[in-house]
Amino acid sequence: MNSKNLAVIGECMIELSQKGADLSRGFGGDTLNTAVYIARQVPQQALNVHYVTALGTDSFSREMLHAWQQEQVKTDLIQQLENKLPGLYVIETDNTGERTFYYWRNDAAARYWLDGPQAEDLCAQLAQFDYLYLSGISVAILPPASRAKLLALLHQCRANGGKVIFDNNYRPRLWQSKDETQQAYRDILSCTDIAFLTLDDEDLLWGQLPVEQVVSRTRDFGVGEIVIKRGADSCLVFSADGQTYDVPAVKLPKEKVIDTTAAGDSFSAGYLAIRLTGGDAVSAAQRGHLTASTVIQYRGAIIPRDAMPQ
């Protein structure tokens, strides 16, 4: 069996996680979290997981690369740019597990991955991949000219037979306006095969609508498979053949919910670990719920490897 190739495009930052007086350091970012959790749940002979970003040449960047390689995430498409550094964020977690985020990322290396000296060659390689995965944050951090390059890459990959996967992950502070965001999302969704949508983000960006209208709007962009993530509630999967599946979440007692960081990212990872290796949508959603329900029982974005569900 020939391995397929998935490229996960985005940004990873230095993560400081604080609860009370306790402070721990790690690395995190929505797409990086998803890449790691996919890689942990698929055999490499079925799917190679590549991460695509830019880092610096500093010790933190080197530590990131080493950590990802240990996770079997391929790093050969990552550029290291001189005079640039990774972004930084701090998570404060309250007694209920809810989080507040603080960011230092305005000049982070990841903003420049499509402007680096290797960018043209990287795009030529990525256009041949089986799957490209990105999120709203992957798009938001880029300057307008780089967004245009990214969109051209997505179209070329699809023209070559690849599939595009998009998570709506909307963060208003990263955008100039809703109008700018809506246009960027229209452009991305118009070449998306699988979309992960969080309803809170959809309502914030487009205005609150019944889920049926959210799905209809997304269908109108041409998306075949739509997954509605609803946190602790069931997820809804709308398949390309017109079927709808309502898949219950894993219920946890409140005292077991330690930190909801990466809950949505890990759900997407569990879903794709099954879906991209031949599984059906219901099995994929069940795995998504299982992965997310495990992750939220630990602090930080990336949980210990031995804590992963079997």
# chains A, B, ... in the order shown; residues from 1 in each chain; ligands from 1
$ residues_around --residues "Gly26 in chain A" --least-positions-apart "3" --cutoff "8 Å" --atoms "only C-alpha atoms" --output "PyMOL selection string"
chain A and resi 14-17+300
$ residues_around --residues "Ser146 in chain A" --least-positions-apart "6" --cutoff "10 Å" --atoms "only C-alpha atoms" --output "ChimeraX atom specification"
/A:111-115,139,152
$ closest_atom_pairs --of "range 228-251 of chain A" --to "range 255-269 of chain A" --cutoff "12 Å" --atoms "only C-alpha atoms" --output "tab-separated table"
residue	atom	partner	partner_atom	distance
A:Ile228	CA	A:Ser268	CA	10.4
A:Lys229	CA	A:Gly264	CA	7.4
A:Arg230	CA	A:Gly264	CA	8.9
A:Gly231	CA	A:Gly264	CA	7.4
A:Ala232	CA	A:Ala263	CA	9.7
A:Ser234	CA	A:Phe267	CA	11.7
A:Cys235	CA	A:Phe267	CA	10.0
A:Ala249	CA	A:Phe267	CA	10.3
A:Val250	CA	A:Phe267	CA	11.4
A:Lys251	CA	A:Lys256	CA	10.2
$ write_last_selection --atoms "N, CA and C atoms" --output "PDB file, in the first residue's frame"
ATOM      1  N   ILE A 228     -20.227  19.520  11.699  1.00  0.00           N
ATOM      2  CA  ILE A 228     -20.565  20.569  12.655  1.00  0.00           C
ATOM      3  C   ILE A 228     -20.110  20.109  14.039  1.00  0.00           C
ATOM      4  N   LYS A 229     -19.139  20.829  14.600  1.00  0.00           N
ATOM      5  CA  LYS A 229     -18.629  20.508  15.945  1.00  0.00           C
ATOM      6  C   LYS A 229     -19.418  21.298  16.969  1.00  0.00           C
ATOM      7  N   ARG A 230     -19.932  20.591  18.002  1.00  0.00           N
ATOM      8  CA  ARG A 230     -20.783  21.250  18.987  1.00  0.00           C
ATOM      9  C   ARG A 230     -20.329  20.962  20.420  1.00  0.00           C
ATOM     10  N   GLY A 231     -19.006  20.886  20.604  1.00  0.00           N
ATOM     11  CA  GLY A 231     -18.450  20.735  21.943  1.00  0.00           C
ATOM     12  C   GLY A 231     -18.909  19.474  22.632  1.00  0.00           C
ATOM     13  N   ALA A 232     -19.528  19.617  23.799  1.00  0.00           N
ATOM     14  CA  ALA A 232     -19.955  18.461  24.590  1.00  0.00           C
ATOM     15  C   ALA A 232     -21.218  17.813  24.034  1.00  0.00           C
ATOM     16  N   SER A 234     -23.601  16.344  20.648  1.00  0.00           N
ATOM     17  CA  SER A 234     -23.327  15.495  19.485  1.00  0.00           C
ATOM     18  C   SER A 234     -22.819  16.361  18.334  1.00  0.00           C
ATOM     19  N   CYS A 235     -22.062  15.728  17.440  1.00  0.00           N
ATOM     20  CA  CYS A 235     -21.670  16.420  16.212  1.00  0.00           C
ATOM     21  C   CYS A 235     -22.617  15.992  15.093  1.00  0.00           C
ATOM     22  N   ALA A 249     -21.651  12.692  21.604  1.00  0.00           N
ATOM     23  CA  ALA A 249     -20.341  12.915  22.212  1.00  0.00           C
ATOM     24  C   ALA A 249     -20.129  11.954  23.381  1.00  0.00           C
ATOM     25  N   VAL A 250     -18.890  11.861  23.833  1.00  0.00           N
ATOM     26  CA  VAL A 250     -18.562  11.099  25.044  1.00  0.00           C
ATOM     27  C   VAL A 250     -18.845  11.993  26.241  1.00  0.00           C
ATOM     28  N   LYS A 251     -19.689  11.542  27.130  1.00  0.00           N
ATOM     29  CA  LYS A 251     -20.058  12.346  28.293  1.00  0.00           C
ATOM     30  C   LYS A 251     -19.061  12.120  29.428  1.00  0.00           C
TER      31      LYS A 251
END
$ atom_distance --atom1 "CA of Thr218 in chain A" --atom2 "CA of Ala140 in chain A"
19.3 Å
$ closest_residue --among "A:Phe238, A:Glu180, A:Gln156, A:Thr294" --to "Ala195 in chain A" --atoms "only C-alpha atoms"
A:Phe238
$ select_by_dssp --residues "range 144-218 of chain A" --states "alpha helix (DSSP H)" --output "ChimeraX atom specification"
/A:144-159,178-189,199-206,211-218
$ residues_around --residues "range 5-7 of chain A" --least-positions-apart "4" --cutoff "9 Å" --atoms "only C-alpha atoms" --output "list in words"
Ala35, Ala46, Leu47, Asn48, Val49, His50, Tyr51, Val52, Leu126, Gln128, Phe129, Asp130, Tyr131, Leu132, Tyr133 and Leu134 of chain A
$ residues_around --residues "range 222-226 of chain A" --least-positions-apart "4" --cutoff "10 Å" --atoms "only C-alpha atoms" --output "mmCIF file with C-alpha atoms, in the first residue's frame"
data_model
loop_
_atom_site.group_PDB
_atom_site.id
_atom_site.type_symbol
_atom_site.label_atom_id
_atom_site.label_comp_id
_atom_site.auth_asym_id
_atom_site.auth_seq_id
_atom_site.Cartn_x
_atom_site.Cartn_y
_atom_site.Cartn_z
ATOM 1 C CA VAL A 164 -8.672 20.450 0.720
ATOM 2 C CA ILE A 165 -9.839 20.328 4.349
ATOM 3 C CA PHE A 166 -10.751 23.536 6.196
ATOM 4 C CA LEU A 189 -14.628 27.264 1.028
ATOM 5 C CA SER A 190 -15.061 27.443 -2.741
ATOM 6 C CA CYS A 191 -12.174 24.968 -3.051
ATOM 7 C CA THR A 192 -12.832 22.902 0.116
ATOM 8 C CA ASP A 193 -13.839 19.237 0.141
ATOM 9 C CA ILE A 194 -14.298 18.702 3.899
ATOM 10 C CA ALA A 195 -15.255 21.583 6.216
ATOM 11 C CA PHE A 196 -15.202 21.521 10.019
ATOM 12 C CA LEU A 197 -17.515 24.196 11.375
ATOM 13 C CA VAL A 215 -25.143 23.907 6.120
ATOM 14 C CA SER A 216 -27.011 25.242 3.080
ATOM 15 C CA ARG A 217 -24.715 28.280 2.880
ATOM 16 C CA THR A 218 -21.647 26.058 3.099
ATOM 17 C CA LEU A 236 -23.520 16.538 12.922
ATOM 18 C CA VAL A 237 -22.026 15.132 9.725
ATOM 19 C CA PHE A 238 -23.520 16.045 6.362
ATOM 20 C CA SER A 239 -22.041 13.755 3.727
ATOM 21 C CA ALA A 240 -21.509 14.407 0.061
ATOM 22 C CA ASP A 241 -24.227 11.877 -0.838
ATOM 23 C CA GLY A 242 -26.887 13.760 1.129
ATOM 24 C CA GLN A 243 -26.872 11.664 4.302
ATOM 25 C CA THR A 244 -26.940 13.303 7.745
ATOM 26 C CA ALA A 281 -18.128 9.221 8.629
#
$ closest_residue --among "A:Cys157, A:Arg299, A:Gly270, A:Thr57" --to "Leu23 in chain A" --atoms "only C-alpha atoms"
A:Arg299
$ closest_residue --among "A:Gln213, A:Tyr37, A:Ser135, A:Ala184" --to "Ala307 in chain A" --atoms "only C-alpha atoms"
A:Tyr37
$ select_by_dssp --residues "range 72-306 of chain A" --states "strand (DSSP E)" --output "short mmCIF file (atom, residue, chain, number, x, y, z; two decimals) with N, CA and C atoms, in the first residue's frame"
data_model
loop_
_atom_site.label_atom_id
_atom_site.label_comp_id
_atom_site.auth_asym_id
_atom_site.auth_seq_id
_atom_site.Cartn_x
_atom_site.Cartn_y
_atom_site.Cartn_z
N GLN A 79 10.35 25.82 6.75
CA GLN A 79 11.46 26.75 6.52
C GLN A 79 11.90 27.37 7.85
N GLN A 80 13.19 27.58 8.00
CA GLN A 80 13.74 28.29 9.14
C GLN A 80 14.30 29.62 8.65
N LEU A 88 4.25 33.62 20.61
CA LEU A 88 4.10 33.19 22.00
C LEU A 88 2.66 33.43 22.44
N TYR A 89 2.11 32.47 23.21
CA TYR A 89 0.81 32.73 23.83
C TYR A 89 0.76 32.14 25.23
N VAL A 90 -0.10 32.75 26.04
CA VAL A 90 -0.31 32.31 27.42
C VAL A 90 -1.77 31.93 27.57
N ILE A 91 -2.01 30.77 28.21
CA ILE A 91 -3.37 30.33 28.52
C ILE A 91 -3.59 30.43 30.03
N GLU A 92 -4.61 31.17 30.43
CA GLU A 92 -5.06 31.15 31.82
C GLU A 92 -6.30 30.29 31.90
N THR A 93 -6.32 29.33 32.79
CA THR A 93 -7.45 28.40 32.92
C THR A 93 -8.11 28.58 34.28
N ARG A 99 -10.90 28.99 29.36
CA ARG A 99 -9.58 29.57 29.11
C ARG A 99 -9.65 31.01 28.65
N THR A 100 -8.60 31.77 28.98
CA THR A 100 -8.36 33.09 28.43
C THR A 100 -6.99 33.08 27.77
N PHE A 101 -6.90 33.64 26.55
CA PHE A 101 -5.65 33.59 25.79
C PHE A 101 -5.05 34.99 25.65
N TYR A 102 -3.72 35.05 25.71
CA TYR A 102 -2.96 36.27 25.45
C TYR A 102 -1.88 35.93 24.42
N TYR A 103 -1.73 36.78 23.38
CA TYR A 103 -0.84 36.46 22.26
C TYR A 103 0.23 37.52 22.02
N TRP A 104 1.41 37.04 21.62
CA TRP A 104 2.48 37.89 21.09
C TRP A 104 2.94 37.22 19.78
N TYR A 131 -3.77 15.50 0.39
CA TYR A 131 -4.65 16.32 1.24
C TYR A 131 -3.89 17.54 1.75
N LEU A 132 -4.56 18.67 1.75
CA LEU A 132 -4.06 19.88 2.40
C LEU A 132 -5.08 20.29 3.46
N TYR A 133 -4.59 20.50 4.67
CA TYR A 133 -5.47 20.90 5.78
C TYR A 133 -5.04 22.27 6.28
N LEU A 134 -6.00 23.14 6.52
CA LEU A 134 -5.71 24.46 7.07
C LEU A 134 -6.90 24.94 7.87
N SER A 135 -6.69 26.00 8.64
CA SER A 135 -7.76 26.57 9.44
C SER A 135 -7.91 28.05 9.14
N LYS A 163 -7.34 16.83 -2.18
CA LYS A 163 -8.51 17.35 -1.46
C LYS A 163 -8.07 18.38 -0.43
N VAL A 164 -8.92 19.38 -0.23
CA VAL A 164 -8.67 20.45 0.72
C VAL A 164 -9.62 20.31 1.91
N ILE A 165 -9.07 20.45 3.11
CA ILE A 165 -9.84 20.33 4.35
C ILE A 165 -9.67 21.63 5.12
N PHE A 166 -10.79 22.22 5.56
CA PHE A 166 -10.75 23.54 6.20
C PHE A 166 -11.54 23.53 7.49
N ASP A 167 -10.93 24.08 8.55
CA ASP A 167 -11.60 24.28 9.84
C ASP A 167 -11.85 25.77 9.99
N ILE A 194 -13.78 19.02 2.56
CA ILE A 194 -14.30 18.70 3.90
C ILE A 194 -14.17 19.95 4.75
N ALA A 195 -15.28 20.40 5.35
CA ALA A 195 -15.26 21.58 6.22
C ALA A 195 -15.65 21.20 7.63
N PHE A 196 -14.85 21.63 8.61
CA PHE A 196 -15.20 21.52 10.02
C PHE A 196 -15.70 22.89 10.46
N LEU A 197 -16.92 22.94 10.96
CA LEU A 197 -17.51 24.20 11.38
C LEU A 197 -17.89 24.14 12.85
N THR A 198 -17.47 25.15 13.60
CA THR A 198 -17.94 25.34 14.97
C THR A 198 -19.02 26.41 14.90
N GLU A 225 -18.50 17.60 2.13
CA GLU A 225 -18.65 16.96 3.44
C GLU A 225 -18.49 18.03 4.52
N ILE A 226 -19.52 18.15 5.37
CA ILE A 226 -19.56 19.20 6.39
C ILE A 226 -19.71 18.54 7.76
N VAL A 227 -18.82 18.91 8.68
CA VAL A 227 -18.86 18.39 10.04
C VAL A 227 -19.10 19.56 10.98
N ILE A 228 -20.23 19.52 11.70
CA ILE A 228 -20.56 20.57 12.66
C ILE A 228 -20.11 20.11 14.04
N LYS A 229 -19.14 20.83 14.60
CA LYS A 229 -18.63 20.51 15.94
C LYS A 229 -19.42 21.30 16.97
N CYS A 235 -22.06 15.73 17.44
CA CYS A 235 -21.67 16.42 16.21
C CYS A 235 -22.62 15.99 15.09
N LEU A 236 -22.69 16.83 14.08
CA LEU A 236 -23.52 16.54 12.92
C LEU A 236 -22.62 16.42 11.70
N VAL A 237 -22.80 15.33 10.95
CA VAL A 237 -22.03 15.13 9.72
C VAL A 237 -22.98 15.11 8.55
N PHE A 238 -22.73 15.97 7.59
CA PHE A 238 -23.52 16.05 6.36
C PHE A 238 -22.63 15.56 5.23
N THR A 244 -27.24 12.54 6.54
CA THR A 244 -26.94 13.30 7.75
C THR A 244 -26.81 12.34 8.92
N TYR A 245 -25.77 12.54 9.71
CA TYR A 245 -25.51 11.68 10.87
C TYR A 245 -25.38 12.54 12.11
N ASP A 246 -26.07 12.15 13.16
CA ASP A 246 -26.00 12.82 14.46
C ASP A 246 -25.27 11.86 15.40
N VAL A 247 -24.02 12.20 15.73
CA VAL A 247 -23.16 11.26 16.46
C VAL A 247 -22.92 11.78 17.87
#
$ residues_around --residues "Trp68 in chain A" --least-positions-apart "2" --cutoff "10 Å" --atoms "only C-alpha atoms" --output "PyMOL selection string"
chain A and resi 27+32+35-36+39+50-51+63-66+70-75
$ write_last_selection --atoms "N, CA, C and O atoms" --output "mmCIF file, in the first residue's frame"
data_model
loop_
_atom_site.group_PDB
_atom_site.id
_atom_site.type_symbol
_atom_site.label_atom_id
_atom_site.label_comp_id
_atom_site.auth_asym_id
_atom_site.auth_seq_id
_atom_site.Cartn_x
_atom_site.Cartn_y
_atom_site.Cartn_z
ATOM 1 N N PHE A 27 4.415 23.697 23.436
ATOM 2 C CA PHE A 27 4.234 24.285 22.121
ATOM 3 C C PHE A 27 2.821 23.967 21.658
ATOM 4 O O PHE A 27 2.331 22.864 21.882
ATOM 5 N N LEU A 32 -1.103 22.666 14.504
ATOM 6 C CA LEU A 32 -0.060 21.780 15.025
ATOM 7 C C LEU A 32 -0.677 20.730 15.933
ATOM 8 O O LEU A 32 -0.324 19.546 15.861
ATOM 9 N N ALA A 35 -2.198 18.168 13.714
ATOM 10 C CA ALA A 35 -1.181 17.337 13.059
ATOM 11 C C ALA A 35 -0.648 16.266 14.001
ATOM 12 O O ALA A 35 -0.519 15.090 13.619
ATOM 13 N N VAL A 36 -0.329 16.651 15.229
ATOM 14 C CA VAL A 36 0.216 15.687 16.194
ATOM 15 C C VAL A 36 -0.805 14.601 16.502
ATOM 16 O O VAL A 36 -0.483 13.403 16.509
ATOM 17 N N ALA A 39 -1.129 12.203 13.600
ATOM 18 C CA ALA A 39 0.052 11.338 13.484
ATOM 19 C C ALA A 39 0.068 10.249 14.552
ATOM 20 O O ALA A 39 0.548 9.138 14.306
ATOM 21 N N HIS A 50 2.638 15.770 7.319
ATOM 22 C CA HIS A 50 3.659 16.815 7.209
ATOM 23 C C HIS A 50 3.120 18.088 7.843
ATOM 24 O O HIS A 50 1.933 18.402 7.680
ATOM 25 N N TYR A 51 3.991 18.834 8.515
ATOM 26 C CA TYR A 51 3.589 20.145 8.997
ATOM 27 C C TYR A 51 4.262 21.202 8.144
ATOM 28 O O TYR A 51 5.446 21.070 7.783
ATOM 29 N N GLU A 63 13.909 23.200 19.161
ATOM 30 C CA GLU A 63 13.223 22.296 20.085
ATOM 31 C C GLU A 63 11.873 21.864 19.522
ATOM 32 O O GLU A 63 11.471 20.704 19.651
ATOM 33 N N MET A 64 11.180 22.805 18.869
ATOM 34 C CA MET A 64 9.911 22.455 18.228
ATOM 35 C C MET A 64 10.115 21.367 17.174
ATOM 36 O O MET A 64 9.402 20.359 17.146
ATOM 37 N N LEU A 65 11.072 21.579 16.295
ATOM 38 C CA LEU A 65 11.321 20.609 15.226
ATOM 39 C C LEU A 65 11.620 19.231 15.793
ATOM 40 O O LEU A 65 11.087 18.218 15.313
ATOM 41 N N HIS A 66 12.444 19.194 16.811
ATOM 42 C CA HIS A 66 12.790 17.906 17.425
ATOM 43 C C HIS A 66 11.544 17.250 18.022
ATOM 44 O O HIS A 66 11.323 16.038 17.849
ATOM 45 N N GLN A 70 9.783 13.659 16.882
ATOM 46 C CA GLN A 70 9.524 12.575 17.839
ATOM 47 C C GLN A 70 8.078 12.093 17.756
ATOM 48 O O GLN A 70 7.780 10.948 18.096
ATOM 49 N N GLU A 71 7.200 12.969 17.293
ATOM 50 C CA GLU A 71 5.780 12.612 17.139
ATOM 51 C C GLU A 71 5.476 12.004 15.768
ATOM 52 O O GLU A 71 4.313 11.783 15.434
ATOM 53 N N GLN A 72 6.505 11.778 14.965
ATOM 54 C CA GLN A 72 6.337 11.240 13.608
ATOM 55 C C GLN A 72 5.637 12.228 12.673
ATOM 56 O O GLN A 72 5.032 11.831 11.666
ATOM 57 N N VAL A 73 5.709 13.504 13.019
ATOM 58 C CA VAL A 73 5.253 14.549 12.101
ATOM 59 C C VAL A 73 6.447 14.966 11.254
ATOM 60 O O VAL A 73 7.506 15.325 11.777
ATOM 61 N N LYS A 74 6.294 14.922 9.961
ATOM 62 C CA LYS A 74 7.409 15.211 9.054
ATOM 63 C C LYS A 74 7.644 16.730 8.967
ATOM 64 O O LYS A 74 6.700 17.505 8.816
ATOM 65 N N THR A 75 8.899 17.118 9.048
ATOM 66 C CA THR A 75 9.260 18.538 9.124
ATOM 67 C C THR A 75 10.088 19.013 7.932
ATOM 68 O O THR A 75 10.630 20.114 7.963
#
$ closest_residue --among "A:Asp76, A:Asp58, A:Glu82, A:Asp94" --to "Gly20 in chain A" --atoms "only C-alpha atoms"
A:Asp94
